[in-house]
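> Next comes the structure file input26.cif, holding mmCIF, C-alpha atoms and all ligand atoms.
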data_final
#
loop_
_atom_site.label_atom_id
_atom_site.label_comp_id
_atom_site.auth_asym_id
_atom_site.auth_seq_id
_atom_site.Cartn_x
_atom_site.Cartn_y
_atom_site.Cartn_z
CA MET B 1 2.20 -26.49 21.01
CA MET B 2 -1.08 -27.90 19.74
CA ASP B 3 -1.83 -26.12 16.47
CA VAL B 4 -0.10 -22.85 17.41
CA GLU B 5 3.15 -22.08 15.65
CA ILE B 6 5.71 -20.58 18.04
CA ILE B 7 8.83 -18.88 16.74
CA ARG B 8 11.80 -17.06 18.31
CA SER B 9 11.50 -13.35 17.51
CA ALA B 10 14.49 -11.27 16.41
CA THR B 11 16.93 -11.10 19.29
CA PHE B 12 20.16 -9.13 19.09
CA GLU B 13 23.06 -11.43 19.88
CA GLY B 14 25.98 -9.00 20.26
CA MET B 15 28.21 -11.76 18.94
CA ALA B 16 29.67 -10.32 15.74
CA ASP B 17 33.28 -9.16 15.47
CA PRO B 18 34.16 -5.46 14.93
CA HIS B 19 33.89 -6.00 11.16
CA GLY B 20 30.26 -7.07 11.49
CA LEU B 21 31.02 -10.73 10.81
CA PRO B 22 29.38 -13.50 12.81
CA THR B 23 31.87 -15.17 15.16
CA GLU B 24 32.19 -18.82 16.14
CA ARG B 25 30.22 -17.91 19.26
CA TYR B 26 27.39 -16.60 17.04
CA ARG B 27 27.40 -19.87 15.07
CA ARG B 28 27.42 -21.97 18.24
CA TYR B 29 24.52 -19.97 19.67
CA TYR B 30 22.31 -20.73 16.68
CA ALA B 31 23.51 -24.33 16.47
CA MET B 32 22.32 -24.70 20.08
CA LEU B 33 19.06 -22.75 19.68
CA SER B 34 18.03 -24.59 16.53
CA ARG B 35 17.96 -27.85 18.47
CA HIS B 36 15.03 -26.35 20.41
CA VAL B 37 13.20 -23.93 18.10
CA LYS B 38 12.10 -24.71 14.55
CA THR B 39 11.92 -21.13 13.27
CA MET B 40 13.93 -18.19 14.50
CA VAL B 41 14.58 -14.65 13.35
CA SER B 42 18.15 -13.34 13.65
CA GLY B 43 19.01 -10.23 15.62
CA PHE B 44 18.88 -7.09 13.47
CA LEU B 45 21.54 -7.00 10.77
CA PHE B 46 22.66 -3.71 9.28
CA ILE B 47 22.03 -3.11 5.57
CA SER B 48 24.78 -0.48 5.24
CA GLU B 49 27.55 1.05 7.34
CA ALA B 50 25.50 4.23 7.78
CA GLY B 51 22.62 2.15 9.03
CA ARG B 52 24.67 0.39 11.67
CA ALA B 53 23.41 0.53 15.25
CA MET B 54 25.44 1.88 18.15
CA HIS B 55 25.41 -1.64 19.61
CA PRO B 56 28.84 -3.27 19.55
CA GLY B 57 28.68 -6.76 18.16
CA GLN B 58 26.05 -6.07 15.49
CA ALA B 59 26.46 -8.16 12.35
CA GLY B 60 25.99 -6.85 8.83
CA MET B 61 24.32 -8.15 5.67
CA ASP B 62 25.66 -5.58 3.25
CA SER B 63 28.38 -7.35 1.33
CA ALA B 64 29.20 -10.69 -0.28
CA ASP B 65 31.98 -11.26 2.31
CA ARG B 66 29.63 -10.75 5.20
CA ALA B 67 26.99 -12.94 3.58
CA ALA B 68 29.51 -15.74 3.01
CA ALA B 69 30.46 -15.65 6.68
CA PHE B 70 26.86 -16.58 7.56
CA LEU B 71 26.93 -19.84 5.59
CA SER B 72 28.26 -21.70 8.63
CA VAL B 73 25.46 -20.24 10.78
CA THR B 74 22.64 -21.13 8.40
CA GLY B 75 24.29 -24.52 7.76
CA ALA B 76 24.28 -25.29 11.50
CA VAL B 77 20.62 -24.33 11.77
CA HIS B 78 19.63 -26.42 8.75
CA ALA B 79 21.57 -29.41 10.08
CA ASN B 80 19.07 -29.41 12.95
CA GLY B 81 16.11 -29.22 10.55
CA ALA B 82 15.31 -25.65 11.61
CA LYS B 83 14.89 -22.37 9.71
CA ILE B 84 16.38 -18.94 10.25
CA ILE B 85 15.04 -15.66 8.87
CA ALA B 86 17.41 -12.69 8.57
CA GLN B 87 16.10 -9.47 10.10
CA ILE B 88 17.48 -6.49 8.18
CA ALA B 89 17.48 -2.92 9.42
CA HIS B 90 18.76 0.60 9.07
CA VAL B 91 18.80 2.69 12.26
CA GLY B 92 18.06 6.08 10.67
CA ARG B 93 17.93 8.64 13.50
CA GLN B 94 18.22 6.04 16.25
CA THR B 95 21.94 6.30 16.82
CA ASN B 96 24.28 8.49 18.82
CA ARG B 97 26.62 9.13 15.89
CA ALA B 98 26.90 12.73 14.74
CA ASP B 99 26.37 11.81 11.07
CA ALA B 100 22.98 10.18 11.65
CA VAL B 101 20.56 10.38 8.74
CA GLY B 102 16.80 10.53 9.07
CA VAL B 103 13.48 10.79 7.35
CA SER B 104 13.20 14.31 8.78
CA ALA B 105 15.36 16.57 10.94
CA LYS B 106 13.36 15.63 14.02
CA LYS B 107 15.63 14.15 16.57
CA SER B 108 14.93 11.20 18.77
CA PRO B 109 14.42 12.49 22.32
CA TYR B 110 16.52 9.58 23.55
CA PHE B 111 19.46 9.67 21.10
CA ASP B 112 19.40 13.49 20.98
CA VAL B 113 21.16 13.81 17.60
CA THR B 114 19.65 15.98 14.86
CA PRO B 115 19.74 13.77 11.78
CA ARG B 116 20.66 14.99 8.33
CA VAL B 117 17.55 14.65 6.19
CA LEU B 118 17.80 12.00 3.49
CA SER B 119 17.35 13.37 -0.02
CA THR B 120 14.85 11.64 -2.30
CA ASP B 121 17.73 10.01 -4.22
CA GLU B 122 19.29 8.77 -0.99
CA ALA B 123 15.96 7.31 0.12
CA ASP B 124 15.65 5.59 -3.30
CA ASP B 125 19.17 4.19 -2.81
CA LEU B 126 18.20 2.86 0.61
CA VAL B 127 15.26 1.00 -0.91
CA GLU B 128 17.84 -0.76 -3.08
CA ALA B 129 20.14 -1.29 -0.09
CA PHE B 130 17.36 -3.22 1.65
CA ALA B 131 16.87 -5.31 -1.49
CA ARG B 132 20.62 -5.96 -1.81
CA ALA B 133 20.75 -7.04 1.85
CA ALA B 134 17.83 -9.41 1.26
CA ARG B 135 19.64 -10.90 -1.73
CA PHE B 136 22.81 -11.35 0.36
CA ALA B 137 20.68 -13.07 3.02
CA LEU B 138 19.34 -15.45 0.38
CA GLU B 139 22.88 -16.19 -0.78
CA ALA B 140 23.94 -16.69 2.85
CA GLY B 141 21.42 -19.52 3.11
CA PHE B 142 18.77 -17.74 5.17
CA ASP B 143 15.24 -19.05 4.80
CA GLY B 144 13.72 -15.63 4.36
CA VAL B 145 14.09 -12.05 5.35
CA GLN B 146 12.24 -9.84 7.83
CA LEU B 147 12.16 -6.11 7.15
CA HIS B 148 12.49 -4.30 10.48
CA ALA B 149 9.73 -1.71 10.19
CA ALA B 150 9.22 -1.53 13.96
CA HIS B 151 10.87 -0.05 17.07
CA GLY B 152 11.52 3.37 15.54
CA TYR B 153 14.13 2.25 13.00
CA LEU B 154 14.34 3.82 9.55
CA ILE B 155 11.34 2.15 7.88
CA HIS B 156 9.23 2.89 10.95
CA GLN B 157 10.41 6.53 10.81
CA PHE B 158 8.84 6.79 7.36
CA LEU B 159 5.60 5.33 8.74
CA LEU B 160 5.23 7.67 11.71
CA ARG B 161 3.19 10.88 11.41
CA SER B 162 5.23 12.62 14.09
CA ILE B 163 8.51 12.03 12.21
CA ASN B 164 7.66 11.97 8.51
CA ASP B 165 7.13 15.61 7.51
CA ARG B 166 8.55 15.11 4.01
CA GLN B 167 7.42 17.08 0.97
CA ASP B 168 8.64 14.58 -1.66
CA CYS B 169 7.04 11.30 -2.78
CA TYR B 170 7.96 9.74 0.58
CA ALA B 171 5.41 12.00 2.26
CA ASP B 172 3.23 9.00 1.37
CA ARG B 173 4.21 7.26 4.61
CA HIS B 174 3.87 3.74 3.21
CA LEU B 175 5.85 4.34 0.03
CA PHE B 176 9.31 3.45 1.35
CA LEU B 177 8.05 0.17 2.78
CA LYS B 178 6.08 -0.65 -0.39
CA ARG B 179 9.09 0.07 -2.59
CA ALA B 180 11.41 -1.93 -0.31
CA ILE B 181 9.05 -4.94 -0.49
CA ALA B 182 8.82 -4.66 -4.29
CA ALA B 183 12.61 -4.32 -4.59
CA VAL B 184 13.21 -7.37 -2.38
CA ARG B 185 10.75 -9.38 -4.47
CA ALA B 186 12.46 -8.23 -7.67
CA ARG B 187 15.88 -9.40 -6.44
CA CYS B 188 14.91 -12.51 -4.50
CA GLY B 189 11.77 -13.76 -6.25
CA THR B 190 8.39 -14.41 -4.67
CA ASP B 191 9.40 -17.82 -3.29
CA PHE B 192 11.84 -16.27 -0.83
CA PRO B 193 9.76 -15.55 2.30
CA LEU B 194 9.44 -11.86 3.09
CA TRP B 195 8.23 -10.91 6.55
CA VAL B 196 7.67 -7.49 8.08
CA LYS B 197 7.86 -6.54 11.76
CA ILE B 198 5.79 -3.52 12.76
CA SER B 199 5.03 -1.58 15.91
CA ALA B 200 1.35 -1.06 16.64
CA ASP B 201 1.29 1.69 19.24
CA VAL B 202 4.23 3.91 20.14
CA ASP B 203 5.02 6.22 23.05
CA ILE B 204 5.79 9.26 20.91
CA GLU B 205 2.41 9.75 19.21
CA PRO B 206 -1.20 8.65 19.76
CA PHE B 207 -2.40 5.34 18.36
CA VAL B 208 -4.72 5.85 15.39
CA GLN B 209 -6.65 2.69 14.63
CA GLU B 210 -7.41 3.63 11.00
CA ASP B 211 -3.68 4.18 10.39
CA PHE B 212 -2.85 0.79 11.82
CA VAL B 213 -5.55 -0.97 9.77
CA HIS B 214 -4.40 0.92 6.68
CA LEU B 215 -0.85 -0.37 7.24
CA ILE B 216 -2.13 -3.93 7.51
CA GLU B 217 -4.11 -3.41 4.27
CA THR B 218 -0.93 -2.17 2.58
CA LEU B 219 1.01 -5.24 3.73
CA ASP B 220 -1.87 -7.43 2.64
CA ALA B 221 -1.89 -5.82 -0.82
CA CYS B 222 1.90 -6.30 -1.03
CA ARG B 223 1.35 -10.00 -0.27
CA VAL B 224 4.10 -10.28 2.31
CA ASP B 225 4.46 -13.74 3.84
CA ALA B 226 4.09 -12.84 7.51
CA ILE B 227 3.53 -9.84 9.76
CA GLU B 228 4.88 -9.61 13.30
CA VAL B 229 3.16 -7.13 15.62
CA SER B 230 5.31 -5.51 18.29
CA ARG B 231 5.16 -2.03 19.79
CA GLY B 232 7.21 1.05 20.59
CA THR B 233 10.35 2.84 19.49
CA MET B 234 13.81 3.10 21.02
CA ASP B 235 12.82 6.51 22.41
CA VAL B 236 11.28 4.61 25.31
CA ALA B 237 13.04 1.34 24.64
CA LEU B 238 12.00 -0.45 27.81
CA ASN B 239 8.36 -0.14 26.75
CA ILE B 240 9.11 -2.44 23.82
CA PHE B 241 9.84 -5.10 26.41
CA ARG B 242 7.99 -4.02 29.58
CA GLY B 243 8.88 -5.17 33.03
CA ALA B 244 11.55 -4.05 35.46
CA VAL B 245 13.77 -1.00 35.03
CA PRO B 246 17.20 -2.30 36.02
CA LEU B 247 18.51 1.14 36.99
CA ARG B 248 21.91 0.04 38.28
CA THR B 249 22.61 -1.77 35.02
CA VAL B 250 21.31 1.18 32.99
CA LEU B 251 23.55 3.67 34.83
CA ARG B 252 26.61 1.47 34.39
CA PHE B 253 26.16 0.07 30.92
CA ASN B 254 23.87 2.31 28.87
CA PRO B 255 26.23 4.61 26.93
CA ILE B 256 23.66 7.38 26.52
CA ILE B 257 22.42 7.54 30.12
CA ALA B 258 25.96 7.06 31.47
CA ALA B 259 27.08 10.14 29.47
CA GLN B 260 24.37 12.39 31.01
CA SER B 261 25.30 14.94 33.67
CA LEU B 262 24.76 14.23 37.36
CA PRO B 263 21.91 16.80 37.66
CA TRP B 264 20.17 15.10 34.70
CA LYS B 265 20.53 11.75 36.39
CA ILE B 266 19.17 13.14 39.66
CA PHE B 267 16.32 15.29 38.32
CA ARG B 268 15.31 13.85 34.95
CA LEU B 269 15.87 10.13 35.40
CA PRO B 270 12.97 9.65 37.86
CA PHE B 271 10.65 11.27 35.26
CA GLU B 272 12.08 9.12 32.48
CA ARG B 273 11.48 6.08 34.63
CA MET B 274 7.82 7.01 35.12
CA LYS B 275 7.26 6.52 31.37
CA ILE B 276 7.98 2.79 31.64
CA LYS B 277 4.96 0.51 31.55
CA GLY B 278 4.67 -2.43 33.92
CA PHE B 279 4.73 -5.96 32.56
CA SER B 280 1.46 -7.61 31.64
CA SER B 281 1.08 -10.85 29.73
CA ALA B 282 0.49 -10.84 25.96
CA TYR B 283 0.61 -7.05 25.88
CA ASN B 284 0.39 -6.65 22.09
CA LEU B 285 -2.36 -9.22 21.64
CA ALA B 286 -5.25 -6.81 20.96
CA TYR B 287 -3.27 -5.19 18.11
CA ALA B 288 -2.23 -8.55 16.65
CA LYS B 289 -5.87 -9.66 16.67
CA LEU B 290 -6.94 -6.44 15.03
CA ALA B 291 -4.30 -7.04 12.35
CA GLN B 292 -5.33 -10.67 11.83
CA ALA B 293 -8.95 -9.55 11.41
CA HIS B 294 -7.87 -7.58 8.32
CA THR B 295 -5.69 -10.09 6.52
CA LEU B 296 -5.29 -13.79 5.80
CA ILE B 297 -1.50 -13.40 5.98
CA PRO B 298 -0.19 -15.01 9.20
CA VAL B 299 0.14 -12.43 11.99
CA TYR B 300 2.58 -13.19 14.80
CA ALA B 301 1.97 -11.48 18.13
CA VAL B 302 5.11 -10.76 20.12
CA GLY B 303 5.44 -9.40 23.64
CA GLY B 304 4.76 -10.95 27.01
CA PHE B 305 3.76 -14.53 26.19
CA ARG B 306 5.07 -16.56 29.11
CA SER B 307 2.90 -19.67 29.47
CA GLY B 308 0.78 -22.18 27.60
CA LYS B 309 -2.23 -20.43 29.07
CA ASP B 310 -1.20 -17.09 27.54
CA ILE B 311 -0.62 -18.75 24.20
CA LEU B 312 -3.80 -20.79 24.03
CA ALA B 313 -5.98 -18.00 25.41
CA SER B 314 -4.69 -15.68 22.68
CA GLY B 315 -6.78 -17.41 20.02
CA LEU B 316 -3.95 -16.74 17.55
CA LYS B 317 -2.25 -19.37 15.46
CA HIS B 318 1.14 -17.64 15.41
CA ILE B 319 3.09 -16.48 18.44
CA SER B 320 6.59 -15.10 18.70
CA LEU B 321 8.76 -15.10 21.84
CA CYS B 322 12.04 -13.49 22.74
CA ARG B 323 13.00 -13.36 26.43
CA PRO B 324 11.65 -16.82 27.33
CA PHE B 325 14.19 -18.31 24.89
CA ILE B 326 17.04 -16.19 26.27
CA CYS B 327 16.16 -17.56 29.69
CA GLU B 328 15.43 -21.15 28.66
CA PRO B 329 16.33 -22.15 25.09
CA ASN B 330 14.38 -25.39 25.69
CA PHE B 331 11.24 -23.51 26.82
CA LEU B 332 9.12 -25.18 24.12
CA LYS B 333 10.10 -28.67 25.22
CA LYS B 334 8.96 -27.81 28.75
CA LEU B 335 5.75 -26.31 27.42
CA THR B 336 5.00 -29.35 25.28
CA ALA B 337 5.52 -31.66 28.25
CA ASN B 338 3.40 -29.45 30.47
CA PRO B 339 1.10 -26.83 28.88
CA ALA B 340 0.74 -25.19 32.32
CA TYR B 341 4.50 -24.50 32.41
CA ILE B 342 5.39 -20.84 33.04
CA SER B 343 8.61 -19.31 31.71
CA LYS B 344 11.31 -18.66 34.29
CA CYS B 345 11.92 -15.25 32.69
CA ILE B 346 11.30 -12.60 35.37
CA ASN B 347 11.33 -9.66 32.90
CA CYS B 348 14.27 -8.11 34.74
CA ASN B 349 15.27 -6.64 31.35
CA ILE B 350 18.96 -6.83 32.15
CA CYS B 351 19.45 -8.80 28.91
CA ALA B 352 17.85 -5.90 27.00
CA VAL B 353 19.95 -3.20 28.69
CA MET B 354 23.13 -5.24 28.22
CA ALA B 355 22.45 -5.37 24.47
CA ASP B 356 23.92 -1.84 24.40
CA SER B 357 27.12 -3.02 26.08
CA ASP B 358 29.95 -5.00 24.52
CA ARG B 359 28.81 -8.21 26.20
CA PRO B 360 27.09 -10.98 24.29
CA LEU B 361 23.48 -11.99 24.86
CA ARG B 362 22.65 -14.00 27.94
CA CYS B 363 20.09 -14.30 30.73
CA TYR B 364 21.00 -12.51 33.96
CA GLN B 365 18.00 -13.61 36.09
CA GLY B 366 17.83 -10.28 37.89
CA LYS B 367 21.53 -10.12 38.79
CA SER B 368 23.23 -7.06 37.36
CA PRO B 369 26.79 -7.81 36.19
C1 LIG E 401 18.04 -8.78 24.39
C2 LIG E 401 16.99 -8.42 23.38
C3 LIG E 401 17.35 -8.18 22.07
C4 LIG E 401 16.37 -7.85 21.12
N1 LIG E 401 16.75 -7.64 19.82
C5 LIG E 401 15.82 -7.37 18.87
C6 LIG E 401 16.19 -7.23 17.52
O1 LIG E 401 17.35 -7.34 17.12
N2 LIG E 401 15.19 -6.93 16.62
C7 LIG E 401 13.88 -6.82 17.01
O2 LIG E 401 13.01 -6.56 16.17
N3 LIG E 401 13.50 -6.96 18.29
C8 LIG E 401 14.44 -7.25 19.23
N4 LIG E 401 14.06 -7.44 20.52
C9 LIG E 401 12.62 -7.37 20.86
C10 LIG E 401 11.98 -8.76 20.82
O3 LIG E 401 12.03 -9.33 19.53
C11 LIG E 401 10.50 -8.72 21.29
O4 LIG E 401 9.80 -7.88 20.37
C12 LIG E 401 10.34 -8.18 22.71
O5 LIG E 401 11.39 -8.64 23.55
C13 LIG E 401 9.02 -8.63 23.34
O6 LIG E 401 8.90 -10.03 23.36
P1 LIG E 401 9.10 -10.94 24.71
O7 LIG E 401 8.14 -10.41 25.75
O8 LIG E 401 8.77 -12.34 24.28
O9 LIG E 401 10.50 -10.76 25.16
C14 LIG E 401 15.01 -7.76 21.49
C15 LIG E 401 14.65 -8.01 22.83
C16 LIG E 401 15.62 -8.34 23.76
C17 LIG E 401 15.18 -8.62 25.18
#
Taking this structure as input, can you express it in the form of structure tokens?


Amino acid sequence: MMDVEIIRSATFEGMADPHGLPTERYRRYYAMLSRHVKTMVSGFLFISEAGRAMHPGQAGMDSADRAAAFLSVTGAVHANGAKIIAQIAHVGRQTNRADAVGVSAKKSPYFDVTPRVLSTDEADDLVEAFARAARFALEAGFDGVQLHAAHGYLIHQFLLRSINDRQDCYADRHLFLKRAIAAVRARCGTDFPLWVKISADVDIEPFVQEDFVHLIETLDACRVDAIEVSRGTMDVALNIFRGAVPLRTVLRFNPIIAAQSLPWKIFRLPFERMKIKGFSSAYNLAYAKLAQAHTLIPVYAVGGFRSGKDILASGLKHISLCRPFICEPNFLKKLTANPAYISKCINCNICAVMADSDRPLRCYQGKSP
């Protein structure tokens, strides 16, 4: 649209087999999407078994076998003249498994598992695991890699004051990210695009503007190729997305809420629900602009862009969308034909809640399955 670059942000597909390999359905999904979007970021891919999310259907990028299985996906995307970036992640404390590892012993209020604290050596090994995953992504034909340093996952855990209480070198909250970037560059070279997704504000600690600007300065000094500005952690996951709270779907399909006792559901759930922010358009824009004011590296704003008006009014050159493409993969075609077009996405968030189930990604248009 005009001179604004619009990409599809990382969107979990839930289409891998139990071994973490992309299925034919996964390939077909990207073959279809790449007819409509020129640049897309994959759903988060685990960098190691221990870093795997609780989501069934997550794919992995931690071995040559898994990488080879992606060649058909990247090939299908390239056949349509499009590009796909691999988002790589480690969940850290954001999992319900008993053997969760974390930056500190502080547990996520949502996942409620006390993580085992990573030793310095283990953290060093994980830096290398990110770099190995990036190298596998390169070999799998991806056009770049995005480090998932947002949404409360492991890299973000290192960045957060309220979680990182370490006494070793990683008490420097940026060190893990800086080392991961350097390690990816060492294995993949500087020509292989390296993006980073960050959360600006979170629900679990106050926003500190100097911290945010400092993070942007760090990424600028590391010369990453793009920064995507999102918000939040999985502790209040629906605030990453904003919009409706599809309670019926949550109670039926969310494994953590479904496992809570009846009194919890009756007494606590209404309070939990009150934490959820209502939808507003372009809700991370102010942070993305703040970031762009401190770097010449392209900054993508993600969150709540639903119309040509939202996009043009943003004043940004780079915008990233998720739910509009789940709802209408050909959203951009409609927008190009009519800049006043408004996405049919109603922010029902059923797609987001269903990501925790064993069902693959799709739009539900407000109808709980
Ligand atoms: C179903 C679904 C899956 C998502 N999966 C990921 C993911 O794997 N990695 C990620 O960084 N963000 C993920 N997100 C968040 C989006 O990338 C985006 O930050 C968020 O939805 C806000 O953008 P939107 O208003 O355009 O939907 C997901 C969102 C949804 C709805």

> Using all atoms listed in the file, find each residue with an atom at most 6 Å away from ligand LIG 401 (chain E) and format the answer as a PyMOL selection string.

chain B and resi 9-12+43-44+230+240-241+302-305+321-323+351-352+355

> Just to be explicit: take each residue in the selection above, keep C-alpha atoms, and write the result as a PDB file, in the coordinates of the input.


ATOM      1  CA  SER B   9      11.500 -13.350  17.510  1.00  0.00           C
ATOM      2  CA  ALA B  10      14.490 -11.270  16.410  1.00  0.00           C
ATOM      3  CA  THR B  11      16.930 -11.100  19.290  1.00  0.00           C
ATOM      4  CA  PHE B  12      20.160  -9.130  19.090  1.00  0.00           C
ATOM      5  CA  GLY B  43      19.010 -10.230  15.620  1.00  0.00           C
ATOM      6  CA  PHE B  44      18.880  -7.090  13.470  1.00  0.00           C
ATOM      7  CA  SER B 230       5.310  -5.510  18.290  1.00  0.00           C
ATOM      8  CA  ILE B 240       9.110  -2.440  23.820  1.00  0.00           C
ATOM      9  CA  PHE B 241       9.840  -5.100  26.410  1.00  0.00           C
ATOM     10  CA  VAL B 302       5.110 -10.760  20.120  1.00  0.00           C
ATOM     11  CA  GLY B 303       5.440  -9.400  23.640  1.00  0.00           C
ATOM     12  CA  GLY B 304       4.760 -10.950  27.010  1.00  0.00           C
ATOM     13  CA  PHE B 305       3.760 -14.530  26.190  1.00  0.00           C
ATOM     14  CA  LEU B 321       8.760 -15.100  21.840  1.00  0.00           C
ATOM     15  CA  CYS B 322      12.040 -13.490  22.740  1.00  0.00           C
ATOM     16  CA  ARG B 323      13.000 -13.360  26.430  1.00  0.00           C
ATOM     17  CA  CYS B 351      19.450  -8.800  28.910  1.00  0.00           C
ATOM     18  CA  ALA B 352      17.850  -5.900  27.000  1.00  0.00           C
ATOM     19  CA  ALA B 355      22.450  -5.370  24.470  1.00  0.00           C
TER      20      ALA B 355
END

> Using only C-alpha atoms for the distances, tell me which of B:Lys334, B:His294, B:Thr249, B:Lys309 is nearest to Pro369 (chain B).

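Once distances to Pro369 (chain B) are computed over only C-alpha atoms, the minimum belongs to B:Thr249.
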
> Around all listed atoms of region 200-207 of chain B, padded 3 Å per side, what centre and edge lengths does the axis-aligned box have in Å to one decimal, as lines of an AutoDock Vina configuration file?


center_x = 1.7
center_y = 4.3
center_z = 19.8
size_x = 14.2
size_y = 16.8
size_z = 12.4

> With distances taken over all atoms listed in the file, which of B:Ile266, B:Ala291, B:Val103, B:Gly232 is nearest to Tyr170 (chain B)?

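Under the stated criterion, the closest residue is B:Val103.
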
> Of the candidates B:Ser72, B:Gln58, B:Ser42, B:Asn338, which shows the shortest atom-to-atom distance to Glu24 (chain B), using all atoms listed in the file?

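Smallest separation from Glu24 (chain B) among the options: B:Ser72.
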
> Between CA of Pro109 (chain B) and CA of Ile350 (chain B), measure the distance and give it in Å to one decimal.

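Taking CA of Pro109 (chain B) as the start and CA of Ile350 (chain B) as the end point, the length is 22.1 Å.
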
> Give the answer as one residue: which of B:Asn239, B:Arg173, B:Gln260, B:Pro298 has the shortest atom-to-atom distance to Ala226 (chain B), using all atoms listed in the file?

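Among the listed residues, the smallest separation from Ala226 (chain B) belongs to B:Pro298.
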
> Show me, as a compact mmCIF listing (two decimals) with C-alpha atoms, keeping the file's coordinate frame, the residues that have an atom within 10 Å of Tyr364 (chain B) when counting all atoms listed in the file, minus same-chain residues fewer than 5 positions from it.


# COMPACT_ATOMS: atom_id res chain seq x y z
CA ILE B 326 17.04 -16.19 26.27
CA CYS B 327 16.16 -17.56 29.69
CA CYS B 345 11.92 -15.25 32.69
CA ILE B 346 11.30 -12.60 35.37
CA CYS B 348 14.27 -8.11 34.74
CA ASN B 349 15.27 -6.64 31.35
CA ILE B 350 18.96 -6.83 32.15
CA CYS B 351 19.45 -8.80 28.91
CA MET B 354 23.13 -5.24 28.22
CA PRO B 369 26.79 -7.81 36.19
